[in-house]
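All remarks here apply to the structure that follows.
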Amino acid sequence: ANEVGDMNLSFLIVVAVAGMASGFTGQGAFTRTNYPLFGSASSTALNAELEAILFDCDGVLADTERDGHRPAFNQAFEENKLDLVWDVERYGVLLEVGGGKERMTAHWNEVGWPESIPEGEGRQAKVKELHLRKTDIFMDLIDAGKIPLRAGVLRIVDDAIAAGVRLAVCSTSNEKAVSNLVKTLMGAERASKFQIYAGDMVKKKKPAPDVYNMAVDTMGLDKDRCVIVEDSHIGLGAAMAAGISCIVTKSSYTANEDFTGASKIVEELGDDAATGVTLDTLTSLLKQTA
């Protein structure tokens with residue numbers, strides 16, 4: 001009986017080993033391709049799938065700060081007879097403050113307020129008025145084609161749409177300006193695929209994580225399956241505070257900033273998929289969960 005049992009056991013072992021080596025066929029069977037113990041599974045198979053890409057706007061979709069927002073602010077100041085011109089260097093310093101209204105307030109708190117904007121209830125109303133005018137001027141610049149998309153943005157967007165990856169823009173800029181930029185520079189069809197979270201939709205602007213948390217909550221996303229695209233350390237701080245992987249694409253004002261904590265740092269997304277950032281690149285940055 002023992003000999004028979006040993007023979008049966010030996011037979012079963014041989015069959016099992018042979019089956020693993022050649023790969024069984026049929027429903028529910030395993031093969032080398034679906035049994036990860038045999039052969040190395042691809043990194044994509046082992047990682048969670050990319051669910052959404054959350055873009056910042058200014059400096060990421062287009063390099064808008066130096067040649068868009070800054071001259072728009074200056075024109076708004078001139079129209080309101082304010083003796084103020086923000087040069088490239090000064091505006092770079094002010095970018096440490098998130099939000100246009102906040103930026104003007106920080107500047108005048110530092111250097112003194114114009115006599116035409118006296119202290120009182122009307123001060124913030126005037127700041128808001130200036131910001132609205134700046135936004136209109138900025139949108140005119142976008143409509144005139146003065147500010148192009150950055151390299152690689154359309155390629156990544158098109159690949160994401162084709163793969164069913166969801167898209168959003170999360171910005172401290174005015175919602176109207178962000179929506180106009182996306183629609184004008186990308187076209188209405190692409191723009192329809194984006195959710196926009198911007199301006200004063202949240203109480204605290206970047207580096208607080210509020211705008212990214214709002215996007216995740218509203219869209220019903222899994223943070224571990226999202227990647228944020230930012231260009232500044234303020235934006236990176238917001239991404240890190242939200243607990244979401246972040247790739248940084250340096251822009252004209254942010255090239256020398258400290259991006260410690262970024263999942264990846266690049267000069268640009270790149271128009272050439274062979275050398276630039278791809279969906280596979282972004283997928284590789286997803287946070288791993290046990």
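Naming scheme: A, B, ... for chains in displayed order of the structure tokens; residues 1 onward per chain; ligands 1 onward as shown.
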Please build the interface table for range 127-193 of chain A against range 71-86 of chain A with a cut-off of 7 Å, listing for each qualifying residue the nearest atom pair and the distance in Å to one decimal; count only C-alpha atoms, order rows by chain and increasing number, and write it as a Markdown table.
```
| residue | atom | partner | partner_atom | distance |
| --- | --- | --- | --- | --- |
| A:Leu130 | CA | A:Ala76 | CA | 6.4 |
| A:Arg133 | CA | A:Ala76 | CA | 6.2 |
| A:Lys134 | CA | A:Ala72 | CA | 5.2 |
| A:Ile137 | CA | A:Ala72 | CA | 5.5 |
| A:Phe138 | CA | A:Ala72 | CA | 5.4 |
```
Exercise. List the neighbours of range 149-164 of chain A out to 6 Å using only C-alpha atoms; skip same-chain residues closer than 6 positions along the sequence, and give me the result as a list in words.
Key: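 Selected residues are Leu61, Ala62, Leu269, Gly270 and Asp271 of chain A.
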Residues just named, written with C-alpha atoms as a tab-separated table (two decimals), in the first residue's frame:
```tsv
chain	number	residue	atom	x	y	z
A	61	LEU	CA	-0.09	73.78	-18.95
A	62	ALA	CA	1.50	77.01	-20.19
A	269	LEU	CA	6.83	66.71	-20.32
A	270	GLY	CA	8.32	66.66	-23.82
A	271	ASP	CA	6.71	66.35	-27.24
```
Quiz item: Between A:Gly261, A:Gly199, A:Gly276, A:Pro118, which one has atoms that come closest to Val169 in chain A, using only C-alpha atoms?
Solution: A:Gly199
Quiz item: Quick one: distance from CA of Asn174 in chain A to CA of Gly122 in chain A in Å, one decimal?
Solution: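 Value for the CA of Asn174 in chain A-CA of Gly122 in chain A distance: 20.9 Å.
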Practice problem: Can you list, as a PyMOL selection string, all residues belonging to range 52-274 of chain A that DSSP tags as strand (DSSP E)? | Solution: chain A and resi 52-55+166-170+194-197+226-230+245-249+264-266
May I have the residues from that selection written out with C-alpha atoms, as a JSON list (two decimals), in the first residue's frame?
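See again-v4.json below for the written result:
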```
[["chain", "number", "residue", "atom", "x", "y", "z"],
["A", 52, "ALA", "CA", -6.45, 60.48, -12.89],
["A", 53, "ILE", "CA", -3.94, 63.22, -13.70],
["A", 54, "LEU", "CA", -4.39, 66.45, -11.77],
["A", 55, "PHE", "CA", -2.64, 69.36, -13.49],
["A", 166, "ARG", "CA", -9.57, 61.17, -15.91],
["A", 167, "LEU", "CA", -8.32, 64.76, -16.05],
["A", 168, "ALA", "CA", -8.57, 67.84, -13.87],
["A", 169, "VAL", "CA", -6.92, 71.23, -13.46],
["A", 170, "CYS", "CA", -6.37, 72.36, -9.87],
["A", 194, "PHE", "CA", -11.49, 68.23, -17.79],
["A", 195, "GLN", "CA", -12.87, 69.09, -14.38],
["A", 196, "ILE", "CA", -11.76, 72.55, -13.19],
["A", 197, "TYR", "CA", -11.04, 73.38, -9.54],
["A", 226, "CYS", "CA", -3.59, 59.79, -8.97],
["A", 227, "VAL", "CA", -0.58, 61.84, -10.06],
["A", 228, "ILE", "CA", -0.28, 65.61, -9.73],
["A", 229, "VAL", "CA", 1.71, 67.68, -12.25],
["A", 230, "GLU", "CA", 3.18, 70.84, -10.67],
["A", 245, "SER", "CA", 2.35, 61.52, -5.96],
["A", 246, "CYS", "CA", 3.72, 64.56, -7.78],
["A", 247, "ILE", "CA", 5.89, 65.06, -10.86],
["A", 248, "VAL", "CA", 7.45, 68.52, -11.23],
["A", 249, "THR", "CA", 7.98, 70.16, -14.61],
["A", 264, "LYS", "CA", 10.06, 62.90, -10.22],
["A", 265, "ILE", "CA", 11.54, 66.16, -11.55],
["A", 266, "VAL", "CA", 11.79, 66.98, -15.28]]
```
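Taking CA of Leu95 in chain A as the reference point, CA of Ile142 in chain A is found at 20.2 Å.
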Practice problem: List the neighbours of Gly99 in chain A out to 12 Å using only C-alpha atoms; skip same-chain residues closer than 3 positions along the sequence, and give me the result as an MDAnalysis selection string. | Solution: chainID A and resid 58 65 69 94:96 102:106 127:128 131 135 171:175 198:200 202:207 234:235
Practice problem: Find, counting only C-alpha atoms, the residue in A:Asp56, A:Val178, A:Ser251, A:Ile117 that gets nearest to Met139 in chain A. | Solution: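 For Met139 in chain A, the nearest of the candidates is A:Val178.
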Self-check item: Atom-to-atom span, CA of Val60 in chain A and CA of Leu279 in chain A, Å
Solution: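 So the answer is 16.4 Å.
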